[in-house]
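> Mind having a look at this structure? Questions to follow.
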Amino acid sequence: MSRCVIVTGCSRGIGAALVQQLIKENHRVAGCSRNSEAMQELGVEPAFRSVDVRDAEALIRWATDLQEIDMIPDLVIANAGLLNQRQPLWEISSEQFDQVIDVNIKGVANTARAFLPSMIDQQSGTFVALSSGWGRSTSPGVAPYCASKFAVEGLMGALAQELPAGVSAVSLSPGVVHTSMLARALGDEEASQAVEPQQWASQAVDFLLSLGPSQNGQSLSFQR
Ligand SMILES: NC(=O)c1ccc[n+]([C@@H]2O[C@H](COP(=O)([O-])OP(=O)(O)OC[C@H]3O[C@@H](n4cnc5c(N)ncnc54)[C@H](OP(=O)(O)O)[C@@H]3O)[C@@H](O)[C@H]2O)c1
């Protein structure tokens with residue numbers, strides 16, 4: 001059965017691979033990132049649009065435009081994310097700290113604010129926020145990122161308790177996937193040992209589409 005899926009942060013990495021896999025499986029897909037060229041390559045407006053998840057109003061406009069073409073999501077994947085340069089906390093500028101918080105926490109909340117009302121109206125749908133192993137344990141050099149992903153876990157936990165029957169929220173750690181973010185975290189050589197995003201996505205899509213009320217509030221992992 002064809003489902004309607006929204007993916008934020010789909011210009012590269014995990015988001016791009018999820019969009020490609022979902023399209024391949026004939027689902028109705030919409031996605032955003034800040035990269036307008038990449039969005040044009042993926043598809044037409046309003047399905048694919050350049051939207052910065054830090055811009056709450058732009059996300060609401062996008063969700064409204066999607067609703068007008070009957071795209072009320074069965075599944076939202078709040079995937080857009082940012083990793084800080086690996087440095088001790090005291091060497092990270094407040095601007096960089098703010099960017100990570102704005103994208104990874106407020107961006108997820110903005111995405112929820114834009115899409116959940118229509119899902120609540122239709123009394124079904126799942127909201128998945130990408131978390132991380134670093135949302136459940138810590139390492140040096142990634143304090144802002146850890147703080148943001150621990151926050152995502154709290155955000156999804158509380159949200160799950162607020163949602164009416166039929167609508168669910170979960171956090172998802174994808175394990176370790178070979179993307180530009182992973183290369184930034186571990187260096188090119190170590191990152192290249194990880195699973196490729198296309199391979200991860202080819203297995204993750206079925207898992208993501210299977211999520212529903214019985215998983216509401218869970219901290220999930222999908223590692224390959
Ligand atoms: N790769 C891993 O091993 C791993 C592990 C744990 C968790 N994760 C999580 O998985 C998610 C995807 O990570 P990835 O590895 O695929 O990272 P990535 O390759 O760096 O891709 C990040 C995506 O997020 C988008 N993005 C960043 N800031 C944005 C903004 N303000 N508005 C809209 N889109 C924005 C980027 O697009 P533009 O820059 O074009 O806007 C890009 O498409 C993230 O939430 C990350 O924290 C990844």
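Lettering and numbering for the structure tokens are positional, with chains as A, B, ... in the shown order, residues counted from 1 in each chain, and ligands counted from 1 in the shown order.
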Could you pull out the residues sitting within 7 Å of ligand 1, using only C-alpha atoms and all ligand atoms, and write them as an MDAnalysis selection string?
chainID A and resid 8:16 32:35 51:54 79:83 103:104 130:133 173:182
> List the neighbours of stretch 206-214 of chain A out to 8 Å using only C-alpha atoms; skip same-chain residues closer than 4 positions along the sequence, and give me the result as a PyMOL selection string.
chain A and resi 75+125-126+165-168
> Which residues in stretch 89-204 of chain A does DSSP call helix (DSSP H, G or I)? List them as a VMD selection string.
chain A and resid 89 to 91 94 to 122 133 to 135 143 to 162 180 to 186 188 to 191 197 to 204
> Apply DSSP to the backbone of this structure and, from stretch 11-192 of chain A, keep only the residues in strand (DSSP E or B); write these as a PyMOL selection string.
chain A and resi 28-33+48-50+75-78+125-130+167-173+177
> I want to know what sits within 6 Å of stretch 149-160 of chain A, based on only C-alpha atoms, with residues of the same chain fewer than 5 positions away left out; could you give that as a list in words?
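In the requested form, the answer reads Ser131, Gly135, Ala169, Val170, Asn216 and Gly217 of chain A.
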> Which is closest to A:Ala109 among A:Ser148, A:Gln193, A:Thr64, A:Ser50, if we use only C-alpha atoms?
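So, comparing all the options, the nearest one is A:Ser148.
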> May I have the residues within 12 Å of stretch 20-29 of chain A as number ranges by chain, using only C-alpha atoms and disregarding those fewer than 4 positions away in the same chain?
A: 1-8, 10-16, 41-49, 66, 69-77, 197-206, 208-209
> Go ahead and compute the interatomic distance for atom CA of A:Pro117 and atom CA of A:Ile60, in Å to one decimal.
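Going from atom CA of A:Pro117 over to atom CA of A:Ile60 covers 10.4 Å.
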> Using only C-alpha atoms, determine which residues lie at most 12 Å from A:Glu57, disregarding the query and same-chain residues fewer than 6 positions distant; provide the list as a list in words.
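What passes the distance filter is Val51, Ala63, Thr64, Gly107, Asn110, Thr111, Arg113 and Ala114 of chain A.
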> Taking N, CA and C atoms for each residue, export the selection above as a PDB file, in the first residue's frame.

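Saved file out11.pdb follows:
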```pdb
ATOM      1  N   VAL A  51      13.637  24.195   2.407  1.00  0.00           N
ATOM      2  CA  VAL A  51      13.125  24.712   3.683  1.00  0.00           C
ATOM      3  C   VAL A  51      14.183  24.463   4.740  1.00  0.00           C
ATOM      4  N   ALA A  63       3.882  22.553   5.010  1.00  0.00           N
ATOM      5  CA  ALA A  63       2.896  21.533   5.411  1.00  0.00           C
ATOM      6  C   ALA A  63       1.520  21.886   4.853  1.00  0.00           C
ATOM      7  N   THR A  64       1.173  23.179   4.853  1.00  0.00           N
ATOM      8  CA  THR A  64      -0.131  23.617   4.326  1.00  0.00           C
ATOM      9  C   THR A  64      -0.205  23.369   2.826  1.00  0.00           C
ATOM     10  N   GLY A 107      14.481  22.380  15.393  1.00  0.00           N
ATOM     11  CA  GLY A 107      14.064  21.935  14.055  1.00  0.00           C
ATOM     12  C   GLY A 107      13.076  20.771  14.149  1.00  0.00           C
ATOM     13  N   ASN A 110       9.820  22.229  15.422  1.00  0.00           N
ATOM     14  CA  ASN A 110       9.157  22.962  14.331  1.00  0.00           C
ATOM     15  C   ASN A 110       8.479  21.997  13.356  1.00  0.00           C
ATOM     16  N   THR A 111       9.163  20.889  13.075  1.00  0.00           N
ATOM     17  CA  THR A 111       8.608  19.883  12.152  1.00  0.00           C
ATOM     18  C   THR A 111       7.349  19.256  12.765  1.00  0.00           C
ATOM     19  N   ARG A 113       5.379  20.673  14.965  1.00  0.00           N
ATOM     20  CA  ARG A 113       4.318  21.703  14.996  1.00  0.00           C
ATOM     21  C   ARG A 113       3.651  21.839  13.620  1.00  0.00           C
ATOM     22  N   ALA A 114       4.436  21.658  12.565  1.00  0.00           N
ATOM     23  CA  ALA A 114       3.892  21.824  11.213  1.00  0.00           C
ATOM     24  C   ALA A 114       3.025  20.630  10.797  1.00  0.00           C
TER      25      ALA A 114
END
```
> With only C-alpha atoms as the atoms that count, which of A:Ala194, A:Gln215, A:Leu220, A:Glu68 lies nearest to A:Gln161?
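Among A:Ala194, A:Gln215, A:Leu220, A:Glu68, it is A:Gln215 that comes nearest to A:Gln161.
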> Using atom CA of A:Val195 and atom CA of A:Ser221 as the two end points, give the distance in Å to one decimal.
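A separation of 14.7 Å between them.
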